[in-house]
Each structure stands twice: as C-alpha cells, then as structure tokens.
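Shown next: protein-v6.cif, given as mmCIF, C-alpha atoms.
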data_input
#
loop_
_atom_site.group_PDB
_atom_site.id
_atom_site.type_symbol
_atom_site.label_atom_id
_atom_site.label_comp_id
_atom_site.auth_asym_id
_atom_site.auth_seq_id
_atom_site.Cartn_x
_atom_site.Cartn_y
_atom_site.Cartn_z
ATOM 1 C CA MET A 1 -11.615 31.463 16.472
ATOM 2 C CA ALA A 2 -11.823 28.219 14.466
ATOM 3 C CA ASP A 3 -14.976 27.363 12.545
ATOM 4 C CA THR A 4 -16.470 24.436 14.466
ATOM 5 C CA ALA A 5 -19.597 24.197 12.294
ATOM 6 C CA ARG A 6 -17.880 22.078 9.629
ATOM 7 C CA ARG A 7 -18.759 18.426 9.775
ATOM 8 C CA LEU A 8 -15.960 15.902 10.232
ATOM 9 C CA THR A 9 -15.654 13.354 7.434
ATOM 10 C CA LEU A 10 -13.634 10.206 8.089
ATOM 11 C CA VAL A 11 -12.085 8.662 4.998
ATOM 12 C CA VAL A 12 -9.442 5.928 4.874
ATOM 13 C CA ALA A 13 -6.949 5.487 2.039
ATOM 14 C CA CYS A 14 -4.327 2.963 1.018
ATOM 15 C CA ALA A 15 -0.990 3.244 -0.727
ATOM 16 C CA LEU A 16 -0.717 -0.100 -2.502
ATOM 17 C CA ILE A 17 2.985 -0.703 -3.156
ATOM 18 C CA ASP A 18 4.196 -3.157 -5.782
ATOM 19 C CA PRO A 19 7.501 -5.107 -5.594
ATOM 20 C CA ASP A 20 9.226 -2.323 -7.578
ATOM 21 C CA GLY A 21 8.246 0.242 -4.923
ATOM 22 C CA ARG A 22 5.615 1.938 -7.125
ATOM 23 C CA VAL A 23 2.385 3.261 -5.620
ATOM 24 C CA LEU A 24 -1.063 2.785 -7.171
ATOM 25 C CA ILE A 25 -3.072 5.949 -7.760
ATOM 26 C CA ALA A 26 -6.617 6.126 -9.107
ATOM 27 C CA GLN A 27 -8.209 8.882 -11.180
ATOM 28 C CA ARG A 28 -11.577 10.138 -9.937
ATOM 29 C CA PRO A 29 -14.288 9.559 -12.558
ATOM 30 C CA PRO A 30 -16.344 12.244 -14.321
ATOM 31 C CA GLY A 31 -19.443 13.309 -12.422
ATOM 32 C CA LYS A 32 -17.885 12.946 -8.962
ATOM 33 C CA ALA A 33 -16.483 15.719 -6.782
ATOM 34 C CA MET A 34 -12.883 16.475 -7.761
ATOM 35 C CA ALA A 35 -13.288 14.561 -11.042
ATOM 36 C CA GLY A 36 -10.050 13.958 -12.919
ATOM 37 C CA LEU A 37 -7.834 14.252 -9.842
ATOM 38 C CA TRP A 38 -5.638 11.328 -8.816
ATOM 39 C CA GLU A 39 -6.032 9.818 -5.344
ATOM 40 C CA PHE A 40 -5.079 6.870 -3.201
ATOM 41 C CA PRO A 41 -7.818 4.201 -3.261
ATOM 42 C CA GLY A 42 -10.147 4.064 -0.266
ATOM 43 C CA GLY A 43 -13.387 5.589 0.885
ATOM 44 C CA LYS A 44 -15.660 6.896 3.620
ATOM 45 C CA ILE A 45 -15.762 4.999 6.874
ATOM 46 C CA GLU A 46 -19.342 3.973 7.629
ATOM 47 C CA SER A 47 -20.830 4.399 11.095
ATOM 48 C CA GLY A 48 -19.440 1.719 13.416
ATOM 49 C CA GLU A 49 -16.922 0.519 10.805
ATOM 50 C CA ARG A 50 -13.228 0.138 11.593
ATOM 51 C CA PRO A 51 -10.743 1.738 9.128
ATOM 52 C CA GLU A 52 -9.264 -1.667 8.236
ATOM 53 C CA ASP A 53 -12.693 -3.144 7.469
ATOM 54 C CA CYS A 54 -13.528 -0.101 5.353
ATOM 55 C CA LEU A 55 -10.313 -0.465 3.334
ATOM 56 C CA ILE A 56 -10.851 -4.175 2.762
ATOM 57 C CA ARG A 57 -14.389 -3.427 1.517
ATOM 58 C CA GLU A 58 -13.424 -0.392 -0.581
ATOM 59 C CA LEU A 59 -10.422 -2.062 -2.244
ATOM 60 C CA LYS A 60 -12.663 -4.973 -3.253
ATOM 61 C CA GLU A 61 -15.385 -2.635 -4.590
ATOM 62 C CA GLU A 62 -13.071 -0.125 -6.309
ATOM 63 C CA LEU A 63 -10.244 -2.344 -7.553
ATOM 64 C CA GLY A 64 -11.503 -5.931 -7.396
ATOM 65 C CA ILE A 65 -8.639 -7.036 -5.117
ATOM 66 C CA THR A 66 -8.724 -8.942 -1.856
ATOM 67 C CA VAL A 67 -6.683 -7.590 1.042
ATOM 68 C CA ARG A 68 -6.310 -9.225 4.423
ATOM 69 C CA GLU A 69 -6.117 -7.102 7.571
ATOM 70 C CA PRO A 70 -2.572 -8.219 8.588
ATOM 71 C CA CYS A 71 -1.333 -6.824 5.249
ATOM 72 C CA LEU A 72 -2.520 -3.295 6.124
ATOM 73 C CA ALA A 73 0.035 -1.170 7.975
ATOM 74 C CA PRO A 74 -1.020 2.220 9.403
ATOM 75 C CA PHE A 75 1.413 4.795 8.030
ATOM 76 C CA THR A 76 0.274 8.388 8.587
ATOM 77 C CA PHE A 77 -2.809 10.569 8.270
ATOM 78 C CA ALA A 78 -4.029 13.735 6.598
ATOM 79 C CA SER A 79 -6.164 16.408 8.222
ATOM 80 C CA HIS A 80 -7.543 19.033 5.838
ATOM 81 C CA SER A 81 -10.344 21.607 5.889
ATOM 82 C CA TYR A 82 -12.412 21.926 2.748
ATOM 83 C CA ALA A 83 -15.139 24.581 2.430
ATOM 84 C CA GLU A 84 -17.968 22.168 3.343
ATOM 85 C CA PHE A 85 -16.251 19.712 5.706
ATOM 86 C CA HIS A 86 -13.065 18.778 7.530
ATOM 87 C CA LEU A 87 -11.414 15.589 6.280
ATOM 88 C CA LEU A 88 -9.505 13.219 8.528
ATOM 89 C CA MET A 89 -7.851 10.456 6.506
ATOM 90 C CA PRO A 90 -5.614 7.691 7.850
ATOM 91 C CA LEU A 91 -3.276 6.311 5.161
ATOM 92 C CA TYR A 92 -2.292 2.656 5.261
ATOM 93 C CA LEU A 93 0.449 0.884 3.323
ATOM 94 C CA CYS A 94 -0.221 -2.467 1.706
ATOM 95 C CA ARG A 95 2.323 -4.631 -0.104
ATOM 96 C CA ARG A 96 0.303 -7.871 -0.428
ATOM 97 C CA TRP A 97 -3.078 -8.526 -1.981
ATOM 98 C CA GLU A 98 -4.823 -11.063 -4.163
ATOM 99 C CA GLY A 99 -5.930 -10.271 -7.699
ATOM 100 C CA VAL A 100 -5.057 -7.650 -10.268
ATOM 101 C CA ALA A 101 -6.183 -4.084 -9.573
ATOM 102 C CA GLN A 102 -8.787 -2.901 -12.091
ATOM 103 C CA PRO A 103 -10.506 0.506 -12.341
ATOM 104 C CA LEU A 104 -14.005 -0.670 -11.355
ATOM 105 C CA GLU A 105 -15.063 2.752 -10.015
ATOM 106 C CA HIS A 106 -12.283 5.032 -11.314
ATOM 107 C CA ALA A 107 -11.517 6.517 -14.722
ATOM 108 C CA ALA A 108 -7.982 5.049 -14.683
ATOM 109 C CA LEU A 109 -5.282 3.484 -12.504
ATOM 110 C CA LYS A 110 -1.535 4.108 -12.616
ATOM 111 C CA TRP A 111 1.485 2.596 -10.896
ATOM 112 C CA VAL A 112 3.768 5.540 -10.121
ATOM 113 C CA SER A 113 7.176 5.918 -8.544
ATOM 114 C CA PRO A 114 6.739 7.869 -5.280
ATOM 115 C CA ARG A 115 9.189 10.505 -6.554
ATOM 116 C CA ASP A 116 6.800 11.155 -9.495
ATOM 117 C CA LEU A 117 3.563 11.474 -7.474
ATOM 118 C CA SER A 118 3.766 15.278 -7.460
ATOM 119 C CA GLN A 119 3.383 15.247 -11.265
ATOM 120 C CA TYR A 120 -0.248 14.133 -10.904
ATOM 121 C CA PRO A 121 -2.986 16.566 -9.811
ATOM 122 C CA MET A 122 -4.380 15.359 -6.484
ATOM 123 C CA PRO A 123 -6.927 16.565 -3.928
ATOM 124 C CA GLU A 124 -5.427 19.081 -1.492
ATOM 125 C CA ALA A 125 -5.709 16.643 1.428
ATOM 126 C CA ASP A 126 -3.441 14.122 -0.361
ATOM 127 C CA LEU A 127 -0.608 16.562 -1.103
ATOM 128 C CA PRO A 128 1.120 16.396 2.341
ATOM 129 C CA LEU A 129 1.273 12.597 1.986
ATOM 130 C CA ILE A 130 3.475 12.749 -1.120
ATOM 131 C CA PRO A 131 6.777 13.686 0.605
ATOM 132 C CA MET A 132 6.245 10.924 3.165
ATOM 133 C CA LEU A 133 5.749 8.331 0.440
ATOM 134 C CA ARG A 134 8.643 9.754 -1.563
ATOM 135 C CA ASP A 135 10.970 8.757 1.286
ATOM 136 C CA LEU A 136 9.851 5.115 1.028
ATOM 137 C CA PRO A 137 10.934 3.672 -2.355
ATOM 138 C CA GLU A 138 14.385 2.361 -1.586
ATOM 139 C CA GLY A 139 13.492 1.322 1.937
ATOM 140 C CA VAL A 140 10.253 -0.335 0.854
ATOM 141 C CA SER A 141 11.963 -2.364 -1.859
ATOM 142 C CA ARG A 142 14.774 -3.390 0.477
ATOM 143 C CA ALA A 143 12.410 -4.171 3.348
ATOM 144 C CA THR A 144 10.072 -6.149 1.086
ATOM 145 C CA LYS A 145 12.964 -8.197 -0.315
ATOM 146 C CA ALA A 146 14.360 -8.830 3.174
ATOM 147 C CA VAL A 147 10.979 -10.046 4.443
ATOM 148 C CA GLN A 148 10.619 -12.271 1.362
ATOM 149 C CA ARG A 149 14.112 -13.746 1.947
ATOM 150 C CA GLN A 150 13.300 -14.406 5.619
ATOM 151 C CA SER A 151 9.986 -15.990 4.700
ATOM 152 C CA ASN A 152 11.630 -18.128 2.004
ATOM 153 C CA MET A 153 14.339 -19.234 4.428
ATOM 154 C CA ARG A 154 11.765 -20.212 7.083
ATOM 155 C CA SER A 155 9.740 -22.149 4.493
ATOM 156 C CA TRP A 156 12.854 -23.894 3.251
ATOM 157 C CA LEU A 157 13.940 -24.822 6.782
ATOM 158 C CA ARG A 158 10.485 -26.213 7.596
ATOM 159 C CA ALA A 159 10.430 -28.235 4.358
ATOM 160 C CA SER A 160 13.941 -29.631 4.780
ATOM 161 C CA PRO A 161 13.931 -32.901 6.761
ATOM 162 C CA SER A 162 17.277 -32.221 8.422
ATOM 163 C CA GLY A 163 17.161 -28.440 8.592
ATOM 164 C CA TRP A 164 19.579 -26.182 6.767
ATOM 165 C CA SER A 165 23.327 -26.634 6.783
ATOM 166 C CA ALA A 166 25.856 -24.678 4.819
ATOM 167 C CA PRO A 167 27.066 -26.587 1.765
ATOM 168 C CA SER A 168 30.748 -27.477 1.727
ATOM 169 C CA THR A 169 33.175 -26.277 -0.882
ATOM 170 C CA ARG A 170 35.974 -28.436 -2.331
ATOM 171 C CA SER A 171 38.344 -26.991 0.262
ATOM 172 C CA GLY A 172 36.157 -28.427 3.006
ATOM 173 C CA LYS A 173 35.206 -24.980 4.340
ATOM 174 C CA ALA A 174 31.557 -24.034 4.577
ATOM 175 C CA SER A 175 30.408 -21.445 2.078
ATOM 176 C CA ASN A 176 27.996 -18.635 2.841
ATOM 177 C CA PRO A 177 24.332 -19.518 2.391
ATOM 178 C CA PRO A 178 22.832 -18.250 -0.852
ATOM 179 C CA SER A 179 21.450 -14.705 -0.688
ATOM 180 C CA SER A 180 18.116 -15.752 -2.123
ATOM 181 C CA ILE A 181 16.570 -19.130 -1.416
ATOM 182 C CA THR A 182 13.276 -20.103 -2.922
ATOM 183 C CA SER A 183 10.937 -22.387 -1.113
ATOM 184 C CA PRO A 184 11.036 -25.977 -2.384
ATOM 185 C CA ARG A 185 7.868 -27.208 -4.082
ATOM 186 C CA GLN A 186 5.747 -29.471 -1.934
#
Represent the structure from my file as structure tokens, please.
Amino acid sequence: MADTARRLTLVVACALIDPDGRVLIAQRPPGKAMAGLWEFPGGKIESGERPEDCLIRELKEELGITVREPCLAPFTFASHSYAEFHLLMPLYLCRRWEGVAQPLEHAALKWVSPRDLSQYPMPEADLPLIPMLRDLPEGVSRATKAVQRQSNMRSWLRASPSGWSAPSTRSGKASNPPSSITSPRQ
C-alpha cells in the first residue's frame, strides 16, 4: 500500500527559452537543500496562490525579470516522491520577458541547449522533464520565428495607410512578399 503520510508540496517551474531555443537553468546555492544541482527557475506555491502568479513573483525575485501571464504556457508536470514529501510541479514555457536574467538567489545561471540538459546534475523530479524539452528546440525556434513574422506582418499592415500589396517586378508580375518584414518605425 502507498505511503499516504507524506505531505504534498506544490512547486511551479519555468523553462525560459531564448530565441536560439536554449533553456535557462539555475544552480542551487550552497546552504540550500540539493545545493549545487541545476534546476528550472520557480518556487513553492503559497496558500491561495495560482501557479502563474507564483511564477511571475518567483522569476522577479530569483532572476530580476518581469513576465506577464499571457507569456506563460503550461507544458507538462512532474510528480516525484522524495523521502520527506511528494512533489507536484507544473512546468511552464516562457519565450518572452522583460529584463536580463541575473542569479539573484542562485549560485549561477546557464543557457543550455535542450539536448545538453542531461549533462547537468539536476534534482530527481526534474529528470523526466529533460526528454520532453529535448524534443522542442527545432520546433520552438521555428514556431517563435513564425509568430514573430506574423506579428511583424500584422504591425506592418496596421501601419501602412493603404495596406500591403505585393511589389511589382519589371516584368509586371507580382513578386512573393518578403519572408521577413520588420515593423516600420512610428
């Protein structure tokens, strides 16, 4: 029969992903449980707190960055029994934030390719998350670039007084629109 005496600990974590598809990991500082191990930034969910609110607060406290709720995408979760407690940890993905991540509460930070995450010692609960993130790099980069192109195109269309029309070539035939359009300065 399962041990039901262990307390349930709710922790939320975030895989911050840069434009190159790398994931930010943070090294736990000396003096804390699991010191020296690398983890995804985040923290314990306080009583009555939503996971998104906890992440926004923790990322500000731990890394000095500002994240808005619409930029947090639920991805997966980890469920792991430690000797003293059972950990339940939703993992969110985030590709947009304000500021530069700094190790305010960690020993160090590193931007790592998802395929290299297994080279860093991590808490046992984080290990099952690695293969899921490893499957993301190409798709994340492509998806991020596609969203940026769509956003740029919408901005350009809104800024253009007559809307967008395909430029003509010397032959009189319309050419394909450029693959990357940057928003005009306003």
**OP:** Would you list the contacts of range 63-71 of chain A as a VMD selection string, taking every protein, DNA or RNA residue within 9 Å and counting all atoms listed in the file, but skipping same-chain residues closer than 2 positions in sequence?
**Re:** chain A and resid 41 52 to 53 55 to 61 73 93 to 106
Original post:
Contacts of Ser81 in chain A at 10 Å or less, counting all atoms listed in the file, minus same-chain residues fewer than 3 places along, as a ChimeraX atom specification?
Top reply: /A:3,6-9,84-88,124-125
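With distances restricted to all atoms listed in the file, A:Leu10 is the closest residue to Lys44 in chain A from A:Ala108, A:Leu10, A:Leu133, A:Met89.
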Subject >> Nearest to Asp135 in chain A by atom-to-atom distance, counting only C-alpha atoms, from A:Ser113, A:Gln27, A:Ser47, A:Ser79 >> reply: A:Ser113
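For the pair CA of Pro123 in chain A and CA of Asp20 in chain A, the separation is 25.1 Å.
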**OP:** Go through the shown structure with the PyMOL selection byres ((chain A and resi 30-35) around 10) and write out the matching residues as a count of residues only.
**Re:** 11
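Counting only C-alpha atoms and comparing A:Leu117, A:Val12, A:Leu109, A:Leu91, the residue that lies closest to Glu46 in chain A is A:Val12.
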**OP:** Could you jot down the CA of Trp111 in chain A to CA of Ile25 in chain A separation for me, Å, one decimal place?
**Re:** 6.5 Å
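Using all atoms listed in the file, the smallest distance between any of A:Ile45, A:Leu72, A:Ala83, A:Leu136 and Cys14 in chain A comes from A:Leu72.
Of the listed residues (A:Ala78, A:Val11, A:Cys54, A:Val112), A:Val112 comes nearest to Val23 in chain A; the distances count all atoms listed in the file.
Relative to CA of Gly42 in chain A, CA of Pro19 in chain A is found at 20.6 Å.
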